[in-house]
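Visitor: Below are the structure tokens for one structure; questions will follow.
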Amino acid sequence: MSNKKKILIVDDEQDQRSWMATFFEDNGFETITAVDGQEGFVMAQEHHPDLITLDISMDNESGIRMFRNLQESPETASIPVAMVTGVSPDFKRYIESHKRVRPPAAYFEKPVDRDRLLKTVRELTAQNVA
Amino acid sequence: MESTHKTYFDSMPCFVSVQDRDLRIVDANKRFHDEFGDVDGRFCYQVYKQRPEQCEDCPVVRTFRDGNPHRSEQLVRTLDGREVSVIVYTTPIRDDNGDITRVMEMSTDITEIKQLQHQLRDSQERYRMLFEEVPCFISIQDRDLRIVEANRLHREAFGTYYGCQCYKVYKHREKECSPCVVRSTFEDQAVHHHEEVVTKRDGDRMNVMVTTAPVRDADGNVNSVIEMSTDITQIRQLQSKLSSVGMIISTISHDLKGLLNGMDGGIYLVNTGLKKDDQERTAQGWEMVLRNVDRIRSTVLDILYYAKDRDPDWEETRTRAIVDEVFDLMQSKAVDHNIEFTREYVTADGHFEADARALRSMLVNLVDNSFDACRLDRKKESHNVSITATGKPDAVEFRIADNGIGMTRDVREKAFTLFFSSKGSGGTGLGLFIANKIAQSHGGSITLESEPDVGTTFVVMIPRKRLAVTTDPAGEDGAPEAGLNL
């Protein structure tokens with residue numbers, strides 16, 4: 001069994017999935033990908049990744065819906081989620097003030113600062129070790 | 001007794017005179033004398049008509065003739081020259097043999113009533129003119145929302161449809177609107193305002209500001225509502241253009257951030273690929289960079305097209321080449337979203353004059369729209385989008401067809417308007433508007449056929465030859481003035 005931490009990348013843009021997977025793999029992670037929130041939630045339940053990067057600017061709010069589903073499901077509620085988005089900081093405030101959902105573990109605006117992303121992901125996955 | 005009758009005679013608050021067969025006045029009451037002076041023995045037509053001869057339809061003469069009382073309206077002139085409108089009643093006076101020897105003429109002053117009548121008529125005329133000529137659309141609806149009255153502008157714009165429901169006439173709906181301001185006014189008898197989009201009988205859409213007010217009858221009941229609409233289309237267009245800058249900036253910046261992220265990712269792959277001497281990764285990264293740069297370019301061009309009218313960059317364009325380029329650009333997105341994407345050429349390849357880049361952008365936009373329609377549709381197992389090019393003698397036709405969610409009539413009618421987006425926060429609302437602008441700038445058109453839950457087809461017609469130019473067609477000194485009104 002691999003010692004590598006597993007990251008689930010959820011983004012509807014192929015380029016994003018592609019480079020993020022390569023980037024994480026270059027830095028010692030194992031990666032799986034999903035094209036939308038629906039697929040992402042199924043994969044989260046199946047693979048129990050150590051971290052999920054979730055694009056919430058996907059159409060039809062599928063990212064938001066997935067985020068809510070993750071929190072409401074006991075088997076996925078503890079997986080840290082790093083939200084990636086192109087929308088303004090207002091949205092971050094909206095998410096944090098929304099009563100039904102807890103805020104995400106981390107929040108990144110595109111274009112993502114790779115160094116910061118890596119540092120945060122390392123912290124979050126190390127914290128998750130039992 | 002006779003003096004009592006005389007007292008009554010003199011006290012009557014109207015003009016009373018008695019004429020003989022020659023129409024001489026033989027008796028008159030005090031009021032008559034006061035207004036018309038010393039009259040006994042004079043002809044009546046001289047006294048209060050100041051005529052040299054008998055009036056044409058004289059009620060006194062008629063009574064002498066047929067023995068019946070008569071009523072008529074007359075205009076008489078008093079001693080001081082004042083004109084008085086009167087209602088005249090004539091009564092025959094018979095002798096012991098039953099012969100009519102005299103006729104009594106009783107006239108009541110109705111001048112004031114007449115004046116009020118005139119004023120009322122004038123007032124009604126004034127209001128009718130206001131109603132008819134005021135430069136906004138006015139209609140009056142009953143409780144069933146049927147149009148009972150409409151002013152000239154309304155009739156010219158929407159047709160004359162008294163008895164038809166308003167929502168059918170200018171909303172092209174089968175059911176009442178929701179909300180309906182007319183209905184609201186019926187319910188609370190208060191004034192309401194709302195902005196609407198209506199369709200004229202020539203098919204043009206209009207933004208209007210609607211105000212509704214209750215119309216009360218004499219008992220104070222509200223049985224009809226007046227609806228007044230002002231055309232604010234131009235204002236909205238101007239306003240949209242101005243206020244949209246913020247919206248565009250945030251939408252574009254959102255798109256650009258995503259694209260920059262993609263480009264950044266590509267650069268990462270190129271750098272690490274070079275470092276690891278991994279040619280495959282380097283190539284993949286470079287492709288990503290190019291792809292995202294191209295998409296950034298399209299986004300910026302979209303802004304330019306919106307912000308500043310551009311003349312087409314005319315060049316000889318191959319029909320198949322355009323279709324192939326669009327197909328290649330959109331293929332991977334179709335695969336990602338599990339949409340079967342096909343292309344077809346109905347006729348042999350041909351050429352036409354166009355701004356290839358703009359046209360490509362337009363077709364990409366329409367294909368993207370079709371992809372979104374497929375994604376929104378939850379009722380079908382599989383989705384397909386096709387792009388078909390057909391060469392006609394004078395034009396080229398592009399058809400983009402999908403089996404997505406389709407559009408209802410009111411959605412169809414608004415589809416090419418500014419900031420129309422039925423995709424919620426997903427769409428920018430610019431896409432179809434710009435696509436339409438591009439087609440029009442080529443002298444062509446986009447039409448759409450759509451059925452809810454079935455799908456949509458966009459049909460783009462582009463003339464083979466560019467529009468006739470109004471200045472020197474040689475185009476040596478820059479883009480020719482094509483007389484376009486973008």
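Each chain in the structure tokens gets a letter, A, B, ..., in the order shown, and its residues are numbered from 1; ligands are numbered from 1 in order too.
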Give as a list in words every residue of chain B that touches chain A within 7 Å, counting only C-alpha atoms.
Guide: His254, Lys257, Gly258, Leu260, Asn261, Gly262, Gly265, Gly266, Leu269, Met288 and Gly426 of chain B
Visitor: Give me the residues near Thr120 of chain A as a VMD selection string, where near means some atom within 10 Å (using only C-alpha atoms) and where sequence neighbours in that chain fewer than 6 positions away do not count.
Guide: chain A and resid 82 105 to 107 114 126
Visitor: Hey, can you spit out that residue selection with C-alpha atoms as a PDB file, in the first residue's frame?
Guide:
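See part.pdb below for the written result:
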ATOM      1  CA  ALA A  82      -9.149  23.462  -0.445  1.00  0.00           C
ATOM      2  CA  ALA A 105      -9.939  24.275   5.200  1.00  0.00           C
ATOM      3  CA  ALA A 106      -8.292  26.605   2.702  1.00  0.00           C
ATOM      4  CA  TYR A 107      -9.263  29.022  -0.027  1.00  0.00           C
ATOM      5  CA  ARG A 114       1.721  27.321  -6.417  1.00  0.00           C
ATOM      6  CA  ALA A 126       0.114  16.088   7.590  1.00  0.00           C
TER       7      ALA A 126
END
Visitor: Which parts of segment 21-165 of chain B does DSSP call strand (DSSP E or B) when run on the backbone here, written out as a PyMOL selection string?
Guide: chain B and resi 24-28+43+70-77+83-94+100-109+137-142+146-150+165
